[in-house]
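Chemist: What follows is start-v9.pdb, made up of PDB, C-alpha atoms and all ligand atoms:
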```
ATOM      1  CA  MET A 285      74.387  14.450  11.555
ATOM      2  CA  ALA A 286      71.776  15.347   8.916
ATOM      3  CA  ASP A 287      72.990  16.126   5.413
ATOM      4  CA  ARG A 288      72.909  19.858   4.774
ATOM      5  CA  SER A 289      71.956  19.310   1.145
ATOM      6  CA  THR A 290      68.595  17.657   1.848
ATOM      7  CA  THR A 291      67.187  18.718   5.193
ATOM      8  CA  ILE A 292      64.437  21.305   5.306
ATOM      9  CA  LEU A 293      63.698  22.114   8.933
ATOM     10  CA  VAL A 294      60.478  23.649  10.247
ATOM     11  CA  LEU A 295      60.639  26.163  13.102
ATOM     12  CA  GLY A 296      57.467  26.598  15.129
ATOM     13  CA  ALA A 297      56.525  23.035  14.237
ATOM     14  CA  GLY A 298      53.867  22.757  16.943
ATOM     15  CA  GLY A 299      51.542  25.318  15.344
ATOM     16  CA  LEU A 300      48.876  24.983  12.699
ATOM     17  CA  VAL A 301      51.053  25.219   9.572
ATOM     18  CA  GLY A 302      53.917  23.396  11.301
ATOM     19  CA  ARG A 303      51.704  20.418  12.099
ATOM     20  CA  HIS A 304      50.571  20.142   8.494
ATOM     21  CA  LEU A 305      54.207  20.232   7.359
ATOM     22  CA  ALA A 306      54.948  17.464   9.865
ATOM     23  CA  ALA A 307      52.081  15.440   8.390
ATOM     24  CA  LEU A 308      53.943  15.618   5.057
ATOM     25  CA  GLY A 309      57.027  14.184   6.744
ATOM     26  CA  THR A 310      58.947  17.438   7.147
ATOM     27  CA  PRO A 311      61.138  17.455  10.254
ATOM     28  CA  GLY A 312      60.604  20.302  12.665
ATOM     29  CA  LEU A 313      61.236  21.727  16.094
ATOM     30  CA  GLU A 314      58.534  22.850  18.470
ATOM     31  CA  ARG A 315      58.989  25.822  20.755
ATOM     32  CA  SER A 316      60.194  23.604  23.611
ATOM     33  CA  ALA A 317      63.046  22.350  21.401
ATOM     34  CA  CYS A 318      63.969  25.697  19.854
ATOM     35  CA  ASP A 319      63.060  29.210  20.959
ATOM     36  CA  VAL A 320      63.537  31.064  17.674
ATOM     37  CA  CYS A 321      64.246  34.290  19.576
ATOM     38  CA  SER A 322      67.240  32.785  21.373
ATOM     39  CA  ASP A 323      70.634  33.373  19.750
ATOM     40  CA  ALA A 324      71.958  30.323  21.599
ATOM     41  CA  ASP A 325      69.174  28.090  20.295
ATOM     42  CA  ARG A 326      69.736  29.377  16.746
ATOM     43  CA  ALA A 327      73.444  28.606  16.881
ATOM     44  CA  ARG A 328      72.848  25.157  18.402
ATOM     45  CA  VAL A 329      70.133  24.165  15.923
ATOM     46  CA  LEU A 330      72.043  25.342  12.855
ATOM     47  CA  ALA A 331      75.156  23.466  13.999
ATOM     48  CA  GLU A 332      73.230  20.315  14.862
ATOM     49  CA  TYR A 333      70.871  20.033  11.863
ATOM     50  CA  ARG A 334      72.804  21.962   9.197
ATOM     51  CA  PRO A 335      69.559  22.456   7.248
ATOM     52  CA  ARG A 336      69.466  23.271   3.552
ATOM     53  CA  ALA A 337      66.658  25.684   4.406
ATOM     54  CA  VAL A 338      64.326  26.485   7.275
ATOM     55  CA  ILE A 339      60.603  27.089   6.977
ATOM     56  CA  TYR A 340      59.807  29.698   9.600
ATOM     57  CA  CYS A 341      56.340  29.027  11.063
ATOM     58  CA  ALA A 342      56.959  30.337  14.576
ATOM     59  CA  ALA A 343      54.782  33.339  15.348
ATOM     60  CA  GLN A 344      52.571  35.317  17.603
ATOM     61  CA  ALA A 345      49.790  34.683  15.103
ATOM     62  CA  SER A 346      46.986  36.359  17.035
ATOM     63  CA  VAL A 347      46.457  39.659  15.246
ATOM     64  CA  ASP A 348      44.814  41.170  18.320
ATOM     65  CA  ALA A 349      47.432  39.915  20.789
ATOM     66  CA  CYS A 350      50.174  41.559  18.715
ATOM     67  CA  GLU A 351      48.841  44.978  19.725
ATOM     68  CA  THR A 352      50.039  44.443  23.305
ATOM     69  CA  ASP A 353      52.311  41.378  23.421
ATOM     70  CA  PRO A 354      55.823  42.710  24.194
ATOM     71  CA  GLY A 355      57.355  39.572  22.655
ATOM     72  CA  ALA A 356      55.534  39.775  19.341
ATOM     73  CA  TRP A 357      58.094  41.926  17.527
ATOM     74  CA  ALA A 358      60.897  39.515  18.364
ATOM     75  CA  VAL A 359      59.218  36.346  17.070
ATOM     76  CA  ASN A 360      57.359  37.941  14.139
ATOM     77  CA  ALA A 361      59.959  40.405  12.865
ATOM     78  CA  ALA A 362      63.428  40.374  14.424
ATOM     79  CA  ALA A 363      64.068  36.632  14.697
ATOM     80  CA  PRO A 364      63.152  35.659  11.121
ATOM     81  CA  ALA A 365      65.569  38.263   9.779
ATOM     82  CA  ALA A 366      68.289  37.036  12.155
ATOM     83  CA  TRP A 367      67.836  33.417  11.019
ATOM     84  CA  ALA A 368      67.703  34.474   7.359
ATOM     85  CA  ARG A 369      71.157  36.021   7.643
ATOM     86  CA  GLU A 370      72.548  32.585   8.551
ATOM     87  CA  VAL A 371      70.479  30.059   6.587
ATOM     88  CA  PRO A 372      68.176  30.083   3.533
ATOM     89  CA  LEU A 373      64.807  30.923   5.107
ATOM     90  CA  TRP A 374      61.257  30.639   3.816
ATOM     91  CA  TYR A 375      58.955  32.947   5.734
ATOM     92  CA  VAL A 376      55.182  32.735   6.117
ATOM     93  CA  SER A 377      53.863  36.276   5.906
ATOM     94  CA  SER A 378      50.353  37.634   5.816
ATOM     95  CA  ASN A 379      47.779  39.426   3.709
ATOM     96  CA  PHE A 380      47.612  41.899   6.615
ATOM     97  CA  VAL A 381      50.638  43.738   5.235
ATOM     98  CA  PHE A 382      47.988  45.382   3.044
ATOM     99  CA  SER A 383      45.173  47.811   3.760
ATOM    100  CA  GLY A 384      42.261  49.073   1.713
ATOM    101  CA  ALA A 385      40.622  47.419  -1.233
ATOM    102  CA  GLY A 386      41.771  44.017  -2.447
ATOM    103  CA  PRO A 387      42.502  41.768  -4.085
ATOM    104  CA  HIS A 388      46.137  42.737  -3.578
ATOM    105  CA  ALA A 389      48.796  41.675  -6.086
ATOM    106  CA  VAL A 390      52.326  40.660  -5.142
ATOM    107  CA  ASP A 391      53.617  44.112  -6.071
ATOM    108  CA  SER A 392      50.741  46.138  -4.565
ATOM    109  CA  PRO A 393      51.975  48.728  -2.058
ATOM    110  CA  ALA A 394      51.997  47.455   1.520
ATOM    111  CA  ALA A 395      50.460  49.657   4.214
ATOM    112  CA  PRO A 396      49.713  47.674   7.361
ATOM    113  CA  LEU A 397      46.980  48.940   9.675
ATOM    114  CA  GLN A 398      47.994  47.113  12.839
ATOM    115  CA  ALA A 399      51.042  45.902  14.804
ATOM    116  CA  TYR A 400      50.833  42.372  13.372
ATOM    117  CA  GLY A 401      51.009  43.653   9.782
ATOM    118  CA  ARG A 402      53.916  45.982  10.608
ATOM    119  CA  GLN A 403      55.789  43.057  12.163
ATOM    120  CA  LYS A 404      55.146  40.804   9.165
ATOM    121  CA  LEU A 405      56.226  43.529   6.716
ATOM    122  CA  ALA A 406      59.446  44.178   8.651
ATOM    123  CA  ALA A 407      60.168  40.446   8.579
ATOM    124  CA  GLU A 408      59.523  40.238   4.839
ATOM    125  CA  ARG A 409      62.017  43.013   4.203
ATOM    126  CA  GLY A 410      64.669  41.488   6.445
ATOM    127  CA  VAL A 411      64.215  38.008   5.000
ATOM    128  CA  LEU A 412      64.232  39.158   1.378
ATOM    129  CA  ALA A 413      67.285  41.368   1.966
ATOM    130  CA  ALA A 414      69.106  38.270   3.209
ATOM    131  CA  GLY A 415      68.082  36.251   0.141
ATOM    132  CA  GLY A 416      65.180  34.384   1.736
ATOM    133  CA  ARG A 417      61.745  33.643   0.314
ATOM    134  CA  VAL A 418      58.321  34.893   1.383
ATOM    135  CA  VAL A 419      54.824  33.498   1.035
ATOM    136  CA  ARG A 420      51.847  35.677   1.947
ATOM    137  CA  THR A 421      48.724  33.839   2.980
ATOM    138  CA  GLY A 422      45.539  34.419   4.926
ATOM    139  CA  TRP A 423      42.653  32.751   6.765
ATOM    140  CA  VAL A 424      44.558  29.478   7.179
ATOM    141  CA  TYR A 425      42.593  26.670   8.828
ATOM    142  CA  GLY A 426      43.294  23.066   9.660
ATOM    143  CA  VAL A 427      43.941  20.422  12.248
ATOM    144  CA  GLY A 428      45.339  21.798  15.491
ATOM    145  CA  GLY A 429      44.516  25.406  14.627
ATOM    146  CA  ARG A 430      43.286  27.775  17.330
ATOM    147  CA  ASN A 431      41.654  30.335  15.055
ATOM    148  CA  PHE A 432      37.987  30.797  14.185
ATOM    149  CA  LEU A 433      37.782  28.628  11.054
ATOM    150  CA  SER A 434      39.879  25.800  12.530
ATOM    151  CA  THR A 435      37.731  25.566  15.634
ATOM    152  CA  LEU A 436      34.329  26.000  13.967
ATOM    153  CA  PRO A 437      33.126  22.392  14.449
ATOM    154  CA  ALA A 438      34.121  22.393  18.118
ATOM    155  CA  GLN A 439      32.563  25.823  18.709
ATOM    156  CA  LEU A 440      29.310  24.871  17.000
ATOM    157  CA  ARG A 441      29.063  21.659  19.001
ATOM    158  CA  GLN A 442      29.314  23.733  22.169
ATOM    159  CA  GLY A 443      26.710  26.371  21.284
ATOM    160  CA  PRO A 444      25.919  29.459  19.183
ATOM    161  CA  VAL A 445      28.725  31.334  17.411
ATOM    162  CA  ARG A 446      28.973  34.942  16.255
ATOM    163  CA  ALA A 447      30.593  35.294  12.833
ATOM    164  CA  PHE A 448      31.506  38.342  10.760
ATOM    165  CA  GLY A 449      29.490  38.674   7.579
ATOM    166  CA  GLY A 450      30.815  41.826   5.965
ATOM    167  CA  MET A 451      34.334  40.687   5.204
ATOM    168  CA  ASN A 452      35.529  38.839   2.090
ATOM    169  CA  ILE A 453      37.817  35.972   3.014
ATOM    170  CA  GLN A 454      39.710  33.326   1.053
ATOM    171  CA  PRO A 455      39.984  30.331   3.423
ATOM    172  CA  THR A 456      43.199  28.403   2.921
ATOM    173  CA  TRP A 457      43.557  24.752   3.959
ATOM    174  CA  ALA A 458      46.807  24.420   5.923
ATOM    175  CA  GLY A 459      47.683  21.189   4.131
ATOM    176  CA  ASP A 460      47.648  22.956   0.758
ATOM    177  CA  LEU A 461      49.825  25.769   2.095
ATOM    178  CA  ALA A 462      52.230  23.211   3.570
ATOM    179  CA  LYS A 463      52.624  21.458   0.210
ATOM    180  CA  LEU A 464      53.359  24.759  -1.516
ATOM    181  CA  LEU A 465      55.876  25.716   1.165
ATOM    182  CA  LEU A 466      58.002  22.682   0.374
ATOM    183  CA  THR A 467      58.592  23.990  -3.164
ATOM    184  CA  LEU A 468      58.338  27.722  -2.503
ATOM    185  CA  PRO A 469      59.729  29.821  -5.373
ATOM    186  CA  ALA A 470      62.215  32.636  -4.834
ATOM    187  CA  GLY A 471      60.884  36.105  -4.086
ATOM    188  CA  VAL A 472      57.333  36.748  -2.879
ATOM    189  CA  THR A 473      54.456  34.353  -3.569
ATOM    190  CA  HIS A 474      50.759  34.742  -2.786
ATOM    191  CA  ALA A 475      49.026  31.580  -1.568
ATOM    192  CA  VAL A 476      45.354  31.582  -0.588
ATOM    193  CA  GLY A 477      42.294  29.498  -1.361
ATOM    194  CA  CYS A 478      40.676  30.300  -4.708
ATOM    195  CA  GLU A 479      37.127  30.878  -3.371
ATOM    196  CA  THR A 480      35.834  33.984  -1.627
ATOM    197  CA  THR A 481      33.316  33.664   1.182
ATOM    198  CA  SER A 482      32.675  35.289   4.575
ATOM    199  CA  PHE A 483      33.183  33.981   8.104
ATOM    200  CA  ALA A 484      29.397  33.878   8.533
ATOM    201  CA  GLU A 485      28.838  31.932   5.316
ATOM    202  CA  ALA A 486      31.630  29.525   6.222
ATOM    203  CA  ALA A 487      30.097  29.026   9.662
ATOM    204  CA  ARG A 488      26.658  28.392   8.162
ATOM    205  CA  THR A 489      28.135  25.710   5.889
ATOM    206  CA  VAL A 490      29.699  23.837   8.790
ATOM    207  CA  ALA A 491      26.611  24.373  10.958
ATOM    208  CA  ALA A 492      24.384  22.859   8.272
ATOM    209  CA  ALA A 493      26.588  19.766   8.154
ATOM    210  CA  LEU A 494      26.310  19.478  11.932
ATOM    211  CA  GLY A 495      22.560  20.132  11.882
ATOM    212  CA  CYS A 496      22.650  23.398  13.832
ATOM    213  CA  GLN A 497      22.095  26.261  11.331
ATOM    214  CA  ALA A 498      20.343  28.413  13.948
ATOM    215  CA  ALA A 499      23.573  28.533  15.927
ATOM    216  CA  VAL A 500      25.204  31.162  13.669
ATOM    217  CA  THR A 501      24.614  34.857  14.356
ATOM    218  CA  GLU A 502      25.971  37.167  11.681
ATOM    219  CA  VAL A 503      27.833  40.270  12.859
ATOM    220  CA  LEU A 504      28.190  42.756  10.053
ATOM    221  CA  ASN A 505      31.003  45.088  11.042
ATOM    222  CA  PRO A 506      34.098  43.837  12.869
ATOM    223  CA  GLN A 507      35.628  47.309  13.264
ATOM    224  CA  GLY A 508      35.578  48.373  16.889
ATOM    225  CA  LEU A 509      34.847  44.866  18.165
ATOM    226  CA  LEU A 510      38.441  43.683  17.851
ATOM    227  CA  ALA A 511      41.616  45.047  19.415
ATOM    228  CA  ALA A 512      43.424  45.428  16.081
ATOM    229  CA  ALA A 513      42.133  47.148  12.962
ATOM    230  CA  ARG A 514      41.392  44.885   9.981
ATOM    231  CA  PRO A 515      41.795  45.769   6.289
ATOM    232  CA  ALA A 516      38.423  46.279   4.623
ATOM    233  CA  ASP A 517      39.431  43.768   1.953
ATOM    234  CA  ALA A 518      42.587  41.724   2.516
ATOM    235  CA  ARG A 519      42.113  39.325  -0.382
ATOM    236  CA  LEU A 520      45.203  38.319  -2.344
ATOM    237  CA  GLU A 521      45.764  37.572  -6.004
ATOM    238  CA  PRO A 522      46.559  35.268  -7.595
ATOM    239  CA  ALA A 523      44.497  32.841  -5.486
ATOM    240  CA  THR A 524      45.681  29.447  -6.621
ATOM    241  CA  LEU A 525      45.075  26.955  -3.794
ATOM    242  CA  PRO A 526      41.926  24.786  -3.538
ATOM    243  CA  GLY A 527      38.895  26.684  -2.249
ATOM    244  CA  TRP A 528      36.777  26.397   0.899
ATOM    245  CA  SER A 529      34.047  24.282  -0.733
ATOM    246  CA  THR A 530      36.516  21.528  -1.612
ATOM    247  CA  ARG A 531      38.377  21.441   1.707
ATOM    248  CA  TRP A 532      36.159  22.408   4.677
ATOM    249  CA  ARG A 533      34.958  18.807   5.247
ATOM    250  CA  GLU A 534      38.516  17.909   6.275
ATOM    251  CA  LEU A 535      37.749  19.775   9.512
ATOM    252  CA  LEU A 536      35.013  17.249  10.293
ATOM    253  CA  ALA A 537      36.919  14.208   9.082
ATOM    254  CA  GLU A 538      40.039  14.809  11.100
ATOM    255  CA  ARG A 539      38.570  15.743  14.486
TER
HETATM  256  N1  LIG B   1      46.678  31.097  10.667
HETATM  257  C1  LIG B   1      46.432  32.046   9.774
HETATM  258  O1  LIG B   1      45.298  32.318   9.391
HETATM  259  C2  LIG B   1      47.602  32.800   9.149
HETATM  260  C3  LIG B   1      47.316  33.761   8.179
HETATM  261  C4  LIG B   1      48.372  34.462   7.596
HETATM  262  C5  LIG B   1      49.661  34.205   7.990
HETATM  263  N2  LIG B   1      49.897  33.286   8.957
HETATM  264  C6  LIG B   1      51.281  33.062   9.366
HETATM  265  O2  LIG B   1      51.591  31.697   9.215
HETATM  266  C7  LIG B   1      52.596  31.349  10.169
HETATM  267  C8  LIG B   1      52.147  30.117  10.926
HETATM  268  O3  LIG B   1      50.936  30.453  11.570
HETATM  269  P1  LIG B   1      50.082  29.383  12.363
HETATM  270  O4  LIG B   1      48.661  29.629  12.034
HETATM  271  O5  LIG B   1      50.659  28.032  12.175
HETATM  272  O6  LIG B   1      50.327  29.904  13.858
HETATM  273  P2  LIG B   1      50.203  29.103  15.230
HETATM  274  O7  LIG B   1      49.286  27.940  15.084
HETATM  275  O8  LIG B   1      49.912  30.115  16.284
HETATM  276  O9  LIG B   1      51.662  28.517  15.417
HETATM  277  C9  LIG B   1      52.748  29.328  15.753
HETATM  278  C10 LIG B   1      53.702  28.467  16.531
HETATM  279  O10 LIG B   1      54.857  29.255  16.839
HETATM  280  C11 LIG B   1      55.213  28.939  18.164
HETATM  281  N3  LIG B   1      56.056  29.973  18.760
HETATM  282  C12 LIG B   1      55.703  31.163  19.286
HETATM  283  N4  LIG B   1      56.771  31.811  19.754
HETATM  284  C13 LIG B   1      57.846  31.001  19.525
HETATM  285  C14 LIG B   1      59.228  31.105  19.805
HETATM  286  N5  LIG B   1      59.757  32.194  20.416
HETATM  287  N6  LIG B   1      60.036  30.088  19.420
HETATM  288  C15 LIG B   1      59.530  28.994  18.824
HETATM  289  N7  LIG B   1      58.225  28.830  18.530
HETATM  290  C16 LIG B   1      57.386  29.834  18.886
HETATM  291  C17 LIG B   1      53.901  28.784  18.888
HETATM  292  O11 LIG B   1      54.085  28.118  20.106
HETATM  293  P3  LIG B   1      53.062  28.399  21.325
HETATM  294  O12 LIG B   1      51.803  27.702  20.945
HETATM  295  O13 LIG B   1      53.757  27.796  22.487
HETATM  296  O14 LIG B   1      52.900  29.881  21.418
HETATM  297  C18 LIG B   1      53.108  27.971  17.856
HETATM  298  O15 LIG B   1      53.346  26.593  18.001
HETATM  299  C19 LIG B   1      52.772  32.582  11.059
HETATM  300  O16 LIG B   1      53.895  33.315  10.609
HETATM  301  C20 LIG B   1      51.520  33.390  10.826
HETATM  302  O17 LIG B   1      51.750  34.769  11.030
HETATM  303  C21 LIG B   1      48.907  32.564   9.548
END
```
Could you render the structure from this file as structure tokens?

Modeler:
Amino acid sequence: MADRSTTILVLGAGGLVGRHLAALGTPGLERSACDVCSDADRARVLAEYRPRAVIYCAAQASVDACETDPGAWAVNAAAPAAWAREVPLWYVSSNFVFSGAGPHAVDSPAAPLQAYGRQKLAAERGVLAAGGRVVRTGWVYGVGGRNFLSTLPAQLRQGPVRAFGGMNIQPTWAGDLAKLLLTLPAGVTHAVGCETTSFAEAARTVAAALGCQAAVTEVLNPQGLLAAARPADARLEPATLPGWSTRWRELLAER
């Protein structure tokens, strides 16, 4: 049996952040090995692995899907709090707990605009009340990701892409977030890339490297085009992780 004093166990290990934690040698369980919403799975896993802490990466991470997915509350809000009551838990939260004008500081008032943000905020409160730790991040991209930034090279190779231009984003390389997670401080930490760009600008950078600049169409206003409302400016401060310009090439190198 693993030694409780050393094992940090990742839940939701098959996702974007989970895969980057695995690449650093952190053991983890994919959904098929542990449904985080199952009380029986939680009891079995805690008895079997006796982890010193768990890094909770399981999620319904699609902001739009959370508006209608009946299972989203359980995985994003209820389950992390339930685990945190039984084991030290480090929770990956989101900049979407905020609305309005950023950059948002750790102690800025939260006011989520959509179901996803309300779920993440409820989880934060449950986890912190149980003594767990929280990191808020945003616009995470990397190997194995299904979101816009992660899939940019593949999308551009297939044809034109539409990308939002009117939104400030701080792209965050999943490998940098994973490293920080392994030494996450107590309380709430903000962790995003230190450079601000837009989805359209990011897409143009990758398109130029692939020789297909004309493939990017800039869409100025995302409001109304997406199922869930987005904060006008969801940037976080402090922004301490390496920025987009120093990391985006990893998307090309690793695919
Ligand atoms: N990616 C971003 O830009 C971003 C930004 C801010 C915060 N975050 C947060 O960062 C965390 C990790 O996100 P991510 O980008 O790595 O998401 P992801 O790639 O969608 O990974 C989430 C993983 O959780 C799994 N999962 C879903 N329901 C589960 C359940 N009931 N039991 C066990 N596993 C389950 C998913 O499995 P299936 O594939 O089978 O569904 C998937 O492998 C999430 O809390 C997310 O909210 C992400």

Chemist: When the PyMOL selection byres (((chain A and resi 399-415) around 6) and not hetatm) is applied to the file above, which residues end up in the set, as number ranges by chain?

Modeler: A: 347, 350-351, 357, 360-361, 365, 368-369, 377, 380-381, 396, 398, 416

Chemist: Write the residues of the preceding selection, restricted to C-alpha atoms, as a PDB file, in the frame of the given file.

Modeler:
```pdb
ATOM      1  CA  VAL A 347      46.457  39.659  15.246  1.00  0.00           C
ATOM      2  CA  CYS A 350      50.174  41.559  18.715  1.00  0.00           C
ATOM      3  CA  GLU A 351      48.841  44.978  19.725  1.00  0.00           C
ATOM      4  CA  TRP A 357      58.094  41.926  17.527  1.00  0.00           C
ATOM      5  CA  ASN A 360      57.359  37.941  14.139  1.00  0.00           C
ATOM      6  CA  ALA A 361      59.959  40.405  12.865  1.00  0.00           C
ATOM      7  CA  ALA A 365      65.569  38.263   9.779  1.00  0.00           C
ATOM      8  CA  ALA A 368      67.703  34.474   7.359  1.00  0.00           C
ATOM      9  CA  ARG A 369      71.157  36.021   7.643  1.00  0.00           C
ATOM     10  CA  SER A 377      53.863  36.276   5.906  1.00  0.00           C
ATOM     11  CA  PHE A 380      47.612  41.899   6.615  1.00  0.00           C
ATOM     12  CA  VAL A 381      50.638  43.738   5.235  1.00  0.00           C
ATOM     13  CA  PRO A 396      49.713  47.674   7.361  1.00  0.00           C
ATOM     14  CA  GLN A 398      47.994  47.113  12.839  1.00  0.00           C
ATOM     15  CA  GLY A 416      65.180  34.384   1.736  1.00  0.00           C
TER      16      GLY A 416
END
```

Chemist: Where does the PyMOL selection byres (((chain A and resi 297-313) around 7) and not hetatm) land in this file, that is, which residues does it pick, as a PyMOL selection string?

Modeler: chain A and resi 292-296+314-315+317-318+341+426-429+458-459+462

Chemist: On this structure, the PyMOL selection byres (((chain A and resi 457) around 10) and not hetatm) would catch which residues? List them as a list in words, sorted by chain and number.

Modeler: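 Selected by the PyMOL selection byres (((chain A and resi 457) around 10) and not hetatm) here: Val301, His304, Gly422, Trp423, Val424, Tyr425, Gly426, Val427, Leu433, Ser434, Gln454, Pro455, Thr456, Ala458, Gly459, Asp460, Leu461, Ala462, Val476, Gly477, Leu525, Pro526, Gly527, Trp528, Thr530, Arg531, Trp532, Glu534 and Leu535 of chain A.
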
Chemist: Measuring between only C-alpha atoms and all ligand atoms, which one of A:Leu468, A:Ala337, A:Ala493, A:Ala475 shows the shortest distance to ligand LIG 1 (chain B)?

Modeler: A:Ala475

Chemist: Might you pull out every residue within 12 Å of Pro522 of chain A, with only C-alpha atoms counted and same-chain residues fewer than 3 positions away left off, and present them as a list in words?

Modeler: Gly386, Pro387, His388, Ala389, Val390, Asp391, Arg420, Thr421, Gln454, Val472, Thr473, His474, Ala475, Val476, Gly477, Cys478, Glu479, Arg519 and Leu525 of chain A

Chemist: Nearest to ligand LIG 1 (chain B) among A:Ala518, A:Ser383, A:Ser392, A:Val503, with distances taken over only C-alpha atoms and all ligand atoms: which residue is it?

Modeler: A:Ala518

Chemist: Between atom CA of Pro354 of chain A and atom C14 of ligand LIG 1 (chain B), what is the spacing in Å?

Modeler: 12.9 Å

Chemist: Tell me, as a ChimeraX atom specification, which residues lie within 10 Å of segment 322-330 of chain A, counting only C-alpha atoms; anything in the same chain fewer than 3 positions away does not count.

Modeler: /A:288,293,313,317-319,333-336,338,358-359,363,366-367,370-371

Chemist: What is the distance between atom CA of Leu509 of chain A and atom CA of Glu521 of chain A, in Å to one decimal?

Modeler: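 Between these atoms lies a distance of 27.5 Å.
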
Chemist: Please compute the atom CA of Arg441 of chain A-atom CA of Thr481 of chain A distance, one decimal, in Å.

Modeler: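 Separating atom CA of Arg441 of chain A from atom CA of Thr481 of chain A is a distance of 21.9 Å.
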
Chemist: Please return the centre and edge lengths, in Å to one decimal, of a box with edges along x, y and z that contains all listed atoms of segment 430-448 of chain A, widened by 4 Å on every side, as AutoDock Vina command-line options.

Modeler:
```
--center_x 34.6 --center_y 30.0 --center_z 16.5 --size_x 25.4 --size_y 24.7 --size_z 19.4
```

Chemist: Restricting the calculation to only C-alpha atoms and all ligand atoms: of A:Ser378, A:Pro364, A:Ala513, A:Thr352, which residue gets closest to ligand LIG 1 (chain B)?

Modeler: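 Checking each of A:Ser378, A:Pro364, A:Ala513, A:Thr352 against ligand LIG 1 (chain B), counting only C-alpha atoms and all ligand atoms, the winner is A:Ser378.
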
Chemist: Give me, as a list in words, all polymer residues having an atom no more than 9 Å from Thr501 of chain A, counting only C-alpha atoms and skipping those fewer than 4 positions away in the same chain.

Modeler: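 Answer for this query is Pro444, Val445, Arg446, Ala447, Phe448 and Ala484 of chain A.
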
Chemist: Nearest to ligand LIG 1 (chain B): which of A:Ala362, A:Ala491, A:Cys496, A:Leu504 is it, counting all atoms listed in the file?

Modeler: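 Under the stated criterion, the closest residue is A:Ala362.
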
Chemist: Restricting the calculation to only C-alpha atoms and all ligand atoms: of A:Ala487, A:Val320, A:Ala385, A:Ala395, which residue gets closest to ligand LIG 1 (chain B)?

Modeler: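 Using only C-alpha atoms and all ligand atoms, ligand LIG 1 (chain B) sits closest to A:Val320.
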
Chemist: Using only C-alpha atoms and all ligand atoms, can you tell me which of A:Thr489, A:Ser482, A:Asn431, A:Gln439 comes closest to ligand LIG 1 (chain B)?

Modeler: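 The shortest atom-to-atom distance to ligand LIG 1 (chain B) comes from A:Asn431.
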